[in-house]
Each structure stands twice: as structure tokens, then as C-alpha cells.
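K.L.:
This is the content of work.cif (mmCIF, C-alpha atoms):
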data_query
loop_
_atom_site.group_PDB
_atom_site.id
_atom_site.type_symbol
_atom_site.label_atom_id
_atom_site.label_comp_id
_atom_site.auth_asym_id
_atom_site.auth_seq_id
_atom_site.Cartn_x
_atom_site.Cartn_y
_atom_site.Cartn_z
ATOM 1 C CA MET A 1 2.273 12.978 1.224
ATOM 2 C CA TYR A 2 -1.104 11.820 -0.007
ATOM 3 C CA PHE A 3 -3.976 14.282 -0.550
ATOM 4 C CA PRO A 4 -7.275 12.437 -1.157
ATOM 5 C CA TYR A 5 -9.976 14.664 -2.663
ATOM 6 C CA LEU A 6 -13.288 13.998 -0.936
ATOM 7 C CA ARG A 7 -16.754 15.484 -1.010
ATOM 8 C CA GLY A 8 -18.329 16.410 2.308
ATOM 9 C CA ARG A 9 -20.982 13.698 2.172
ATOM 10 C CA GLN A 10 -21.682 11.937 5.439
ATOM 11 C CA PHE A 11 -19.977 8.647 4.572
ATOM 12 C CA GLU A 12 -16.815 10.421 3.398
ATOM 13 C CA LEU A 13 -16.576 12.534 6.535
ATOM 14 C CA ILE A 14 -17.166 9.456 8.700
ATOM 15 C CA ALA A 15 -14.266 7.740 6.915
ATOM 16 C CA ILE A 16 -12.027 10.681 7.848
ATOM 17 C CA ARG A 17 -13.349 10.672 11.413
ATOM 18 C CA ASP A 18 -12.676 6.948 11.775
ATOM 19 C CA LEU A 19 -9.121 7.236 10.468
ATOM 20 C CA ALA A 20 -8.395 10.288 12.615
ATOM 21 C CA SER A 21 -9.584 8.355 15.679
ATOM 22 C CA GLU A 22 -7.255 5.520 14.679
ATOM 23 C CA ASP A 23 -4.336 7.958 14.351
ATOM 24 C CA ALA A 24 -4.023 6.773 10.740
ATOM 25 C CA LEU A 25 -3.743 10.118 8.916
ATOM 26 C CA GLY A 26 -0.101 10.933 9.626
ATOM 27 C CA LYS A 27 0.947 11.189 5.970
ATOM 28 C CA ILE A 28 -2.544 11.816 4.624
ATOM 29 C CA ILE A 29 -4.006 15.320 4.278
ATOM 30 C CA PRO A 30 -7.621 15.237 3.088
ATOM 31 C CA ILE A 31 -9.025 17.899 0.776
ATOM 32 C CA ILE A 32 -12.736 18.256 1.492
ATOM 33 C CA GLU A 33 -15.177 19.902 -0.895
ATOM 34 C CA PRO A 34 -18.298 20.559 1.215
ATOM 35 C CA VAL A 35 -21.633 19.781 -0.410
ATOM 36 C CA LYS A 36 -24.095 20.609 2.375
ATOM 37 C CA GLU A 37 -25.290 24.036 3.445
ATOM 38 C CA SER A 38 -25.563 22.761 7.020
ATOM 39 C CA PHE A 39 -22.386 22.554 9.077
ATOM 40 C CA ASN A 40 -23.480 19.639 11.296
ATOM 41 C CA SER A 41 -21.278 16.949 9.729
ATOM 42 C CA LEU A 42 -18.313 19.329 9.487
ATOM 43 C CA ASN A 43 -18.734 20.220 13.160
ATOM 44 C CA LEU A 44 -18.750 16.556 14.197
ATOM 45 C CA ALA A 45 -15.643 15.918 12.123
ATOM 46 C CA ASN A 46 -13.852 18.983 13.495
ATOM 47 C CA LYS A 47 -14.175 17.749 17.093
ATOM 48 C CA ILE A 48 -12.414 14.491 16.258
ATOM 49 C CA LEU A 49 -9.876 16.204 14.000
ATOM 50 C CA PHE A 50 -9.032 18.563 16.868
ATOM 51 C CA GLU A 51 -8.494 15.668 19.268
ATOM 52 C CA ALA A 52 -6.271 13.918 16.709
ATOM 53 C CA GLY A 53 -4.378 17.038 15.603
ATOM 54 C CA VAL A 54 -5.357 16.557 11.939
ATOM 55 C CA LYS A 55 -5.686 19.662 9.725
ATOM 56 C CA PRO A 56 -7.397 18.975 6.388
ATOM 57 C CA PHE A 57 -8.093 21.541 3.691
ATOM 58 C CA LEU A 58 -11.677 22.708 3.163
ATOM 59 C CA ILE A 59 -12.753 24.159 -0.187
ATOM 60 C CA MET A 60 -14.235 27.632 0.326
ATOM 61 C CA ASN A 61 -15.966 27.839 -3.049
ATOM 62 C CA PRO A 62 -17.218 24.350 -3.970
ATOM 63 C CA GLU A 63 -18.367 23.688 -7.527
ATOM 64 C CA VAL A 64 -21.001 21.111 -6.542
ATOM 65 C CA GLY A 65 -23.544 20.666 -3.779
ATOM 66 C CA GLU A 66 -26.140 22.789 -2.048
ATOM 67 C CA THR A 67 -24.039 25.943 -1.605
ATOM 68 C CA CYS A 68 -21.562 26.366 -4.433
ATOM 69 C CA GLY A 69 -19.794 29.151 -6.291
ATOM 70 C CA ASP A 70 -17.577 32.030 -5.230
ATOM 71 C CA ILE A 71 -19.209 32.612 -1.858
ATOM 72 C CA GLU A 72 -18.277 33.421 1.740
ATOM 73 C CA HIS A 73 -20.488 30.790 3.383
ATOM 74 C CA TYR A 74 -17.595 28.551 4.450
ATOM 75 C CA LEU A 75 -15.177 31.409 5.063
ATOM 76 C CA LYS A 76 -17.523 32.740 7.725
ATOM 77 C CA TYR A 77 -17.999 29.239 9.072
ATOM 78 C CA ILE A 78 -14.283 28.720 9.696
ATOM 79 C CA GLU A 79 -13.950 32.236 11.105
ATOM 80 C CA ASP A 80 -16.606 31.481 13.728
ATOM 81 C CA LEU A 81 -15.703 27.840 14.414
ATOM 82 C CA GLU A 82 -14.104 27.201 17.789
ATOM 83 C CA ASN A 83 -10.855 25.216 17.554
ATOM 84 C CA SER A 84 -11.139 25.008 13.785
ATOM 85 C CA MET A 85 -8.801 22.474 12.211
ATOM 86 C CA TYR A 86 -9.813 23.338 8.657
ATOM 87 C CA ARG A 87 -7.301 25.071 6.410
ATOM 88 C CA HIS A 88 -8.501 27.261 3.560
ATOM 89 C CA ALA A 89 -8.513 26.000 -0.012
ATOM 90 C CA PHE A 90 -9.892 27.624 -3.155
ATOM 91 C CA LEU A 91 -10.969 26.192 -6.481
ATOM 92 C CA TYR A 92 -9.541 28.252 -9.316
ATOM 93 C CA SER A 93 -11.914 28.919 -12.236
ATOM 94 C CA ASP A 94 -10.534 32.126 -13.742
ATOM 95 C CA ASN A 95 -11.586 33.789 -10.476
ATOM 96 C CA ALA A 96 -8.359 35.324 -9.182
ATOM 97 C CA ASN A 97 -10.158 38.487 -8.047
ATOM 98 C CA TYR A 98 -12.452 36.483 -5.767
ATOM 99 C CA ILE A 99 -9.552 34.511 -4.282
ATOM 100 C CA LEU A 100 -7.413 37.611 -3.731
ATOM 101 C CA ASP A 101 -10.346 39.421 -2.111
ATOM 102 C CA CYS A 102 -10.787 36.494 0.281
ATOM 103 C CA LEU A 103 -7.090 36.415 1.126
ATOM 104 C CA ASN A 104 -7.154 40.151 1.855
ATOM 105 C CA ASN A 105 -10.510 40.500 3.600
ATOM 106 C CA TYR A 106 -10.022 37.497 5.880
ATOM 107 C CA ASN A 107 -6.263 38.001 6.366
ATOM 108 C CA LEU A 108 -5.480 34.446 5.235
ATOM 109 C CA ASN A 109 -2.163 32.646 4.959
ATOM 110 C CA ASN A 110 -0.942 29.111 4.257
ATOM 111 C CA CYS A 111 -3.753 28.457 1.794
ATOM 112 C CA MET A 112 -4.257 25.966 -1.014
ATOM 113 C CA ILE A 113 -5.304 26.634 -4.590
ATOM 114 C CA VAL A 114 -6.815 23.824 -6.647
ATOM 115 C CA GLY A 115 -6.932 23.774 -10.441
ATOM 116 C CA LEU A 116 -9.354 21.222 -11.831
ATOM 117 C CA ASP A 117 -10.508 21.580 -15.443
ATOM 118 C CA SER A 118 -12.746 24.628 -15.003
ATOM 119 C CA PHE A 119 -10.197 27.283 -15.947
ATOM 120 C CA THR A 120 -8.727 28.670 -19.157
ATOM 121 C CA ASN A 121 -6.488 31.511 -17.977
ATOM 122 C CA GLU A 122 -3.228 29.723 -17.232
ATOM 123 C CA ASP A 123 -1.274 32.984 -16.900
ATOM 124 C CA GLU A 124 -3.579 34.232 -14.157
ATOM 125 C CA PHE A 125 -3.358 30.880 -12.377
ATOM 126 C CA SER A 126 0.413 31.014 -12.626
ATOM 127 C CA LEU A 127 0.541 34.483 -11.056
ATOM 128 C CA LEU A 128 -1.813 33.431 -8.288
ATOM 129 C CA CYS A 129 0.436 30.490 -7.470
ATOM 130 C CA GLU A 130 3.279 32.942 -6.849
ATOM 131 C CA ASP A 131 1.340 34.706 -4.077
ATOM 132 C CA GLY A 132 3.132 34.195 -0.761
ATOM 133 C CA ARG A 133 -0.098 33.357 1.021
ATOM 134 C CA ILE A 134 -0.547 30.266 -1.165
ATOM 135 C CA ASN A 135 1.709 27.404 -0.062
ATOM 136 C CA HIS A 136 -0.116 24.365 -1.494
ATOM 137 C CA ILE A 137 -0.950 24.023 -5.197
ATOM 138 C CA VAL A 138 -3.037 21.186 -6.609
ATOM 139 C CA LEU A 139 -3.363 20.571 -10.337
ATOM 140 C CA LEU A 140 -5.557 17.934 -11.943
ATOM 141 C CA GLU A 141 -3.630 15.876 -14.507
ATOM 142 C CA PRO A 142 -0.708 18.315 -14.839
ATOM 143 C CA HIS A 143 0.604 16.643 -17.990
ATOM 144 C CA ARG A 144 -2.100 18.624 -19.820
ATOM 145 C CA TYR A 145 -0.433 21.897 -18.753
ATOM 146 C CA ARG A 146 3.249 21.456 -19.543
ATOM 147 C CA THR A 147 4.235 25.146 -19.274
ATOM 148 C CA LEU A 148 2.230 25.702 -16.101
ATOM 149 C CA ASP A 149 3.530 22.489 -14.584
ATOM 150 C CA ARG A 150 7.152 23.468 -15.169
ATOM 151 C CA HIS A 151 6.550 26.950 -13.733
ATOM 152 C CA ILE A 152 4.958 25.674 -10.513
ATOM 153 C CA LYS A 153 7.820 23.265 -9.947
ATOM 154 C CA LYS A 154 10.181 26.234 -9.762
ATOM 155 C CA LEU A 155 8.216 28.008 -7.006
ATOM 156 C CA ASP A 156 9.480 25.991 -4.026
ATOM 157 C CA LYS A 157 5.957 25.277 -2.806
ATOM 158 C CA ASN A 158 3.995 22.152 -1.940
ATOM 159 C CA TYR A 159 2.880 20.996 -5.377
ATOM 160 C CA ILE A 160 0.401 18.122 -5.572
ATOM 161 C CA ARG A 161 -0.611 16.247 -8.700
ATOM 162 C CA LEU A 162 -4.241 15.110 -8.705
ATOM 163 C CA ASP A 163 -5.502 12.269 -10.893
ATOM 164 C CA ASP A 164 -8.999 11.070 -11.746
ATOM 165 C CA LEU A 165 -8.472 7.312 -11.688
ATOM 166 C CA PHE A 166 -11.739 5.490 -11.097
ATOM 167 C CA GLU A 167 -13.301 4.140 -14.286
ATOM 168 C CA LYS A 168 -17.029 4.444 -13.743
ATOM 169 C CA GLN A 169 -19.336 1.995 -15.523
ATOM 170 C CA GLN A 170 -22.847 2.637 -16.767
ATOM 171 C CA ARG A 171 -24.208 -0.135 -14.533
ATOM 172 C CA ASN A 172 -22.734 -1.780 -11.445
ATOM 173 C CA SER A 173 -23.225 -5.177 -13.051
ATOM 174 C CA ASP A 174 -20.780 -4.162 -15.788
ATOM 175 C CA PHE A 175 -17.980 -4.572 -13.239
ATOM 176 C CA LEU A 176 -18.548 -8.347 -13.302
ATOM 177 C CA SER A 177 -16.616 -8.605 -16.569
ATOM 178 C CA ILE A 178 -13.736 -6.314 -15.533
ATOM 179 C CA PRO A 179 -10.674 -8.135 -14.169
ATOM 180 C CA GLU A 180 -8.377 -6.730 -11.513
ATOM 181 C CA HIS A 181 -6.168 -4.051 -13.011
ATOM 182 C CA LYS A 182 -3.700 -1.271 -12.280
ATOM 183 C CA PHE A 183 -5.245 1.691 -10.489
ATOM 184 C CA SER A 184 -2.318 3.988 -9.684
ATOM 185 C CA GLU A 185 1.445 4.189 -9.541
ATOM 186 C CA GLU A 186 1.815 7.846 -8.498
ATOM 187 C CA HIS A 187 2.875 6.822 -4.987
ATOM 188 C CA LEU A 188 5.959 5.286 -6.589
ATOM 189 C CA TYR A 189 7.078 8.216 -8.713
ATOM 190 C CA TYR A 190 5.629 11.511 -7.448
ATOM 191 C CA GLU A 191 8.826 12.554 -5.656
ATOM 192 C CA GLU A 192 11.004 11.548 -8.594
ATOM 193 C CA ASP A 193 8.742 13.721 -10.793
ATOM 194 C CA ASN A 194 9.279 16.713 -8.461
ATOM 195 C CA TYR A 195 5.890 16.762 -6.755
ATOM 196 C CA GLN A 196 5.569 17.084 -3.012
ATOM 197 C CA GLY A 197 2.367 15.088 -2.926
ATOM 198 C CA PHE A 198 -0.161 13.167 -4.982
ATOM 199 C CA GLY A 199 -3.910 12.792 -4.793
ATOM 200 C CA ASP A 200 -6.946 11.119 -6.301
ATOM 201 C CA PHE A 201 -10.706 10.924 -5.812
ATOM 202 C CA THR A 202 -10.208 7.669 -3.874
ATOM 203 C CA VAL A 203 -12.263 4.754 -5.239
ATOM 204 C CA LEU A 204 -15.080 7.050 -6.334
ATOM 205 C CA PRO A 205 -15.662 8.770 -9.666
ATOM 206 C CA ARG A 206 -14.890 12.461 -9.791
ATOM 207 C CA GLU A 207 -18.413 13.142 -11.012
ATOM 208 C CA TYR A 208 -20.587 14.217 -8.090
ATOM 209 C CA VAL A 209 -23.933 12.452 -7.723
ATOM 210 C CA GLU A 210 -26.099 13.047 -4.666
ATOM 211 C CA GLY A 211 -28.162 10.099 -3.491
ATOM 212 C CA GLY A 212 -29.172 7.510 -6.052
ATOM 213 C CA SER A 213 -31.663 4.713 -6.590
ATOM 214 C CA THR A 214 -31.515 1.162 -5.243
ATOM 215 C CA PRO A 215 -28.941 -0.684 -7.370
ATOM 216 C CA ARG A 216 -29.534 -3.930 -9.213
ATOM 217 C CA ALA A 217 -25.950 -4.958 -8.391
ATOM 218 C CA VAL A 218 -23.724 -4.298 -5.393
ATOM 219 C CA VAL A 219 -20.042 -3.699 -6.101
ATOM 220 C CA ILE A 220 -17.240 -3.375 -3.547
ATOM 221 C CA ASN A 221 -14.104 -1.699 -4.925
ATOM 222 C CA ILE A 222 -10.971 -2.881 -3.134
ATOM 223 C CA THR A 223 -7.505 -1.472 -3.798
ATOM 224 C CA TYR A 224 -4.303 -3.179 -2.721
ATOM 225 C CA ILE A 225 -0.547 -3.115 -3.242
ATOM 226 C CA ASN A 226 0.380 -5.588 -5.968
ATOM 227 C CA VAL A 227 3.843 -6.772 -4.994
ATOM 228 C CA GLU A 228 4.076 -8.780 -8.222
ATOM 229 C CA ALA A 229 3.673 -5.567 -10.237
ATOM 230 C CA GLU A 230 6.419 -3.499 -8.592
ATOM 231 C CA ASN A 231 4.143 -2.272 -5.782
ATOM 232 C CA GLN A 232 1.619 -0.591 -8.045
ATOM 233 C CA ILE A 233 -1.823 -0.030 -6.552
ATOM 234 C CA TRP A 234 -4.330 -2.343 -8.215
ATOM 235 C CA ILE A 235 -8.106 -2.471 -7.902
ATOM 236 C CA ARG A 236 -10.563 -5.318 -7.979
ATOM 237 C CA HIS A 237 -14.339 -4.936 -8.258
ATOM 238 C CA PHE A 238 -16.236 -7.544 -6.235
ATOM 239 C CA THR A 239 -19.739 -7.675 -7.677
ATOM 240 C CA SER A 240 -22.914 -9.519 -6.751
ATOM 241 C CA ASP A 241 -24.202 -12.227 -9.101
ATOM 242 C CA THR A 242 -27.997 -12.086 -8.749
ATOM 243 C CA ASN A 243 -28.550 -8.769 -10.480
ATOM 244 C CA ASP A 244 -31.802 -9.201 -12.381
ATOM 245 C CA SER A 245 -33.870 -6.964 -10.062
ATOM 246 C CA ILE A 246 -33.519 -4.415 -7.244
ATOM 247 C CA SER A 247 -34.812 -6.830 -4.617
ATOM 248 C CA ASN A 248 -32.737 -8.388 -1.823
ATOM 249 C CA VAL A 249 -29.938 -5.828 -1.625
ATOM 250 C CA GLN A 250 -28.776 -7.523 1.579
ATOM 251 C CA GLY A 251 -28.267 -10.778 -0.310
ATOM 252 C CA LYS A 252 -26.383 -8.992 -3.074
ATOM 253 C CA PHE A 253 -24.159 -7.348 -0.464
ATOM 254 C CA ALA A 254 -23.406 -10.750 1.053
ATOM 255 C CA GLU A 255 -22.457 -12.155 -2.374
ATOM 256 C CA ALA A 256 -20.043 -9.308 -3.104
ATOM 257 C CA THR A 257 -18.635 -9.266 0.425
ATOM 258 C CA ARG A 258 -18.001 -13.000 0.446
ATOM 259 C CA LYS A 259 -15.858 -12.619 -2.691
ATOM 260 C CA ALA A 260 -14.007 -9.599 -1.273
ATOM 261 C CA ILE A 261 -13.182 -11.183 2.084
ATOM 262 C CA SER A 262 -12.020 -14.422 0.444
ATOM 263 C CA PHE A 263 -9.652 -12.415 -1.754
ATOM 264 C CA CYS A 264 -8.364 -10.285 1.142
ATOM 265 C CA ASN A 265 -7.698 -13.369 3.282
ATOM 266 C CA LYS A 266 -5.654 -14.950 0.505
ATOM 267 C CA LEU A 267 -3.647 -11.829 -0.384
ATOM 268 C CA PRO A 268 -3.467 -11.099 2.621
ATOM 269 C CA LEU A 269 -4.951 -7.618 3.118
ATOM 270 C CA SER A 270 -5.928 -6.557 6.612
ATOM 271 C CA ASN A 271 -6.878 -3.178 8.058
ATOM 272 C CA SER A 272 -9.762 -1.618 9.970
ATOM 273 C CA GLY A 273 -11.821 -1.160 6.814
ATOM 274 C CA ILE A 274 -11.512 -4.806 5.779
ATOM 275 C CA ASP A 275 -12.143 -5.910 9.376
ATOM 276 C CA GLU A 276 -15.381 -3.912 9.428
ATOM 277 C CA LEU A 277 -16.487 -5.446 6.136
ATOM 278 C CA SER A 278 -15.684 -8.920 7.455
ATOM 279 C CA GLY A 279 -17.730 -8.215 10.579
ATOM 280 C CA TYR A 280 -20.845 -7.407 8.558
ATOM 281 C CA LEU A 281 -20.446 -10.665 6.637
ATOM 282 C CA ARG A 282 -19.961 -12.662 9.827
ATOM 283 C CA ASP A 283 -23.002 -11.081 11.488
ATOM 284 C CA THR A 284 -25.118 -11.286 8.278
ATOM 285 C CA LYS A 285 -25.841 -7.564 8.476
ATOM 286 C CA TYR A 286 -26.273 -5.079 5.642
ATOM 287 C CA PRO A 287 -24.994 -1.627 6.700
ATOM 288 C CA GLY A 288 -26.238 0.365 3.684
ATOM 289 C CA LEU A 289 -24.419 1.511 0.561
ATOM 290 C CA GLY A 290 -23.056 4.653 2.235
ATOM 291 C CA THR A 291 -21.204 2.525 4.779
ATOM 292 C CA VAL A 292 -19.921 0.251 2.007
ATOM 293 C CA LYS A 293 -18.435 3.299 0.267
ATOM 294 C CA LYS A 294 -16.976 4.494 3.567
ATOM 295 C CA ILE A 295 -15.270 1.124 4.059
ATOM 296 C CA THR A 296 -13.734 1.143 0.571
ATOM 297 C CA ILE A 297 -12.464 4.706 1.084
ATOM 298 C CA LYS A 298 -10.900 3.721 4.406
ATOM 299 C CA ASN A 299 -9.225 0.714 2.828
ATOM 300 C CA HIS A 300 -7.847 2.799 -0.032
ATOM 301 C CA LEU A 301 -6.366 5.408 2.310
ATOM 302 C CA LEU A 302 -4.926 2.734 4.588
ATOM 303 C CA VAL A 303 -3.379 0.891 1.637
ATOM 304 C CA ILE A 304 -1.589 4.067 0.599
ATOM 305 C CA LYS A 305 -0.598 4.778 4.199
ATOM 306 C CA SER A 306 0.906 1.304 4.502
ATOM 307 C CA TYR A 307 3.154 2.053 1.532
ATOM 308 C CA LEU A 308 4.145 5.567 2.647
ATOM 309 C CA ASP A 309 5.004 4.264 6.127
ATOM 310 C CA ARG A 310 7.637 1.867 4.769
#
Please express what this file holds, its structure, as C-alpha cells.
P.N.:
Amino acid sequence: MYFPYLRGRQFELIAIRDLASEDALGKIIPIIEPVKESFNSLNLANKILFEAGVKPFLIMNPEVGETCGDIEHYLKYIEDLENSMYRHAFLYSDNANYILDCLNNYNLNNCMIVGLDSFTNEDEFSLLCEDGRINHIVLLEPHRYRTLDRHIKKLDKNYIRLDDLFEKQQRNSDFLSIPEHKFSEEHLYYEEDNYQGFGDFTVLPREYVEGGSTPRAVVINITYINVEAENQIWIRHFTSDTNDSISNVQGKFAEATRKAISFCNKLPLSNSGIDELSGYLRDTKYPGLGTVKKITIKNHLLVIKSYLDR
């Protein structure tokens, strides 16, 4: 199983909505860290998730965004949400008392605990993982926690390794000089390594940045299965060429898209994300950078799905 870690920004939730509508999330369970105080986008997503029978995990105590910390904002939201498809997940940051209080006060079961790099008390995390109401455990880069990793593998629970894979550059134009390269091989070995699932931050950096200025360069990050490299997932960064100013973003998008579609046609790589990108090129339309990110997320999830469905 694949567990992509997403933030609850509009373009990320639309990607999940699109894939749920396509019935393309069978072996994909999203983990969503909400970043907005408002529930509007989550409500829209929940309606489609309900129709599709998809049950993602929602972080109750996000570490970024408008409403973060050990709070009850999202606990109360799920409690009051009609036909909620969201399952409870908690970020662990040496805050076992908060998590246990939530489990008790809201009578929760079948929850997820996520360990990023914001904790130091491994013993407390280990004990929390043993709680019967926790059945999914996510650990970022578990090779850094050998003792903890070995302990969790003995618990007979759904244990997911999470990796931060995207190599962010200082400027988008820096991607021009980066050749295609290996992105991930966890889909090949996670079961052999005694994990029940694997996850990443898709084709986005883990660092959370809200908004942003108009870029000098447009880059489209496309992942694909490289059959010549034993089915590893590789990534290629298709970058615009005229990057000396912030003007003509539509033209920059066309330059990057033309490269991406040419590559995908030759590979070949075809899915609903690539088809949407091709449609914008054909119609000479610029959908905005949020939609470009949505398309690359969709492609990444569909590439992984295509492998898991074999």
C-alpha cells in the first residue's frame, strides 16, 4: 500500500478528489495534514470520498498552517461531520499525553500515529505504538531509528516507512541542469523490508510554503517507471528556457509542457494527469501553477498505482 503525505492545500485536495472520482485510489491511502482553519475544501473532498468509498487519514494536530499544534479543532470537525470518511491520525512530538487524552475523550480506535523528526523520546513513542487503538504507524526515514524500527516491526501492525525524496532547488531555473535521475525504489522493496506500506511527500518538498511569488521559471516534475533501471521510479524536471524575468508565465508553461509531453509520448506515459497537461498545451491555455502541481501529484500517484496493480 502507498501512503502519500499531502498538505490540505486546495490543489492537493483536488488531486485526491479527481483520483477518487476516477476510482484510482484502491491501493493508495492519502495522509492529509490540514493547513486551513476553514473546513470548506475538506467538506468538498469528503463528499467525493464518501461516494468513492475512500477513507484517508487526517492529521488532528498539524505542525504547519493556520491552525496547528495539539488542538481539538479537527477532532470536533470529524465528530460533527456527516458521513465522515476521515480517519484520525496524530503527529507525535513527545506529546503522548495529548494523544492519549484524545483517544480517551473521543473514544477513538483504528488510529494512525506519525513520527516525523520533531520528537526525541523514542521510548514514549514506542509505548504509544503498542496501544491497541493505534493500528497504523508511520515513521520518517526509519533507518535513523534502528531500535525503534525493529520494535515496531514486532508489533503486528500496519507499519509505513515515509521518505522525503524531492530535492528542492534554490531557483526553478536550477532544474535546467539536472538530468533525469532515480527518485524512489521503496515500492520494490518495502514488503521485503517488513513494512506494510511506504509513503513520500509526492513530487513536492516536505517543507511547507504557503503561496509564493510569480516564478522566473516554470518546472514540471514528472515521475515514471524506468523499466531499464529495474522498475525504479525516476523523475525528470521539464523546465522553461526563457527565464530572465517574471513576464509571460503562460509562455514559460508552454515551453516546459512541450518538453514534458514530447517525453511522455516517447516513453510512453499516459494517464489522466498527463492527458490533462496535454490538453492545456493543445488549447494554448495556462491553468495556473496550483493546477500544474495538482497534475504532477496525480501523475505520481497514478505511476505508483500502475506498478502496485501489476
K.L.:
Identify the residues within 7 Å of coordinate (5.6, 28.5, -2.1) (same frame as the file), considering all atoms listed in the file, and give the answer as a list in words.
P.N.:
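Every polymer residue passing the test: Glu130, Gly132, Ile134, Asn135, Leu155, Asp156, Lys157 and Asn158 of chain A.
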K.L.:
Using only C-alpha atoms, which of A:Glu12, A:Arg17, A:Leu267, A:Gly65 sits nearest Glu37 in chain A?
P.N.:
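Using only C-alpha atoms, Glu37 in chain A sits closest to A:Gly65.
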K.L.:
Take the PyMOL selection byres ((chain A and resi 233) around 8), run it mentally on this structure, and tell me the resulting residues as a count of residues only.
P.N.:
12
K.L.:
Between CA of Asn110 in chain A and CA of Asn46 in chain A, what is the distance, to one decimal in Å?
P.N.:
18.8 Å
K.L.:
Could you tell me which of A:Cys111, A:Leu188, A:Ile14, A:Val203 comes closest to Ala229 in chain A if we count only C-alpha atoms?
P.N.:
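Answer, going by the shortest atom-to-atom distance: A:Leu188.
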K.L.:
CA of Gly197 in chain A to CA of Val138 in chain A: how many Å, to one decimal?
P.N.:
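Pair CA of Gly197 in chain A / CA of Val138 in chain A returns 8.9 Å.
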K.L.:
So, counting all atoms listed in the file, which residue among A:Leu281, A:Leu75, A:Ala96, A:Leu103 is closest to Ser126 in chain A?
P.N.:
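Selected residue with least distance to Ser126 in chain A: A:Ala96.
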K.L.:
Work out how far CA of Glu33 in chain A is from CA of Gly8 in chain A, in Å to one decimal.
P.N.:
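Here the two named atoms are 5.7 Å from each other.
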K.L.:
Decode the PyMOL selection byres ((chain A and resi 54-64) around 6) for the given file into explicit residues and return them as a count of residues only.
P.N.:
20
K.L.:
Which residues are close to Gly199 in chain A, i.e. within 12 Å by all atoms listed in the file, leaving aside same-chain residues fewer than 6 positions away? Reply as a tab-separated table (two decimals) with C-alpha atoms, in the frame of the given file.
P.N.:
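Result written to result_0.tsv:
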chain	number	residue	atom	x	y	z
A	1	MET	CA	2.27	12.98	1.22
A	2	TYR	CA	-1.10	11.82	-0.01
A	3	PHE	CA	-3.98	14.28	-0.55
A	4	PRO	CA	-7.28	12.44	-1.16
A	5	TYR	CA	-9.98	14.66	-2.66
A	6	LEU	CA	-13.29	14.00	-0.94
A	27	LYS	CA	0.95	11.19	5.97
A	28	ILE	CA	-2.54	11.82	4.62
A	29	ILE	CA	-4.01	15.32	4.28
A	30	PRO	CA	-7.62	15.24	3.09
A	31	ILE	CA	-9.02	17.90	0.78
A	114	VAL	CA	-6.82	23.82	-6.65
A	137	ILE	CA	-0.95	24.02	-5.20
A	138	VAL	CA	-3.04	21.19	-6.61
A	139	LEU	CA	-3.36	20.57	-10.34
A	140	LEU	CA	-5.56	17.93	-11.94
A	141	GLU	CA	-3.63	15.88	-14.51
A	142	PRO	CA	-0.71	18.32	-14.84
A	159	TYR	CA	2.88	21.00	-5.38
A	160	ILE	CA	0.40	18.12	-5.57
A	161	ARG	CA	-0.61	16.25	-8.70
A	162	LEU	CA	-4.24	15.11	-8.70
A	163	ASP	CA	-5.50	12.27	-10.89
A	164	ASP	CA	-9.00	11.07	-11.75
A	165	LEU	CA	-8.47	7.31	-11.69
A	184	SER	CA	-2.32	3.99	-9.68
A	185	GLU	CA	1.44	4.19	-9.54
A	186	GLU	CA	1.82	7.85	-8.50
A	187	HIS	CA	2.88	6.82	-4.99
A	190	TYR	CA	5.63	11.51	-7.45
A	300	HIS	CA	-7.85	2.80	-0.03
A	301	LEU	CA	-6.37	5.41	2.31
A	304	ILE	CA	-1.59	4.07	0.60
K.L.:
Apply the PyMOL selection byres ((chain A and resi 174) around 12) to the displayed file and report the matching residues as number ranges by chain.
P.N.:
A: 167-173, 175-179, 216-219, 237-241, 243
K.L.:
Which residue, A:Val35, A:Leu44, A:Ile113, A:Ala24, has the smallest gap to Asn271 in chain A when you use all atoms listed in the file?
P.N.:
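Comparing A:Val35, A:Leu44, A:Ile113, A:Ala24 against Asn271 in chain A, the winner is A:Ala24.
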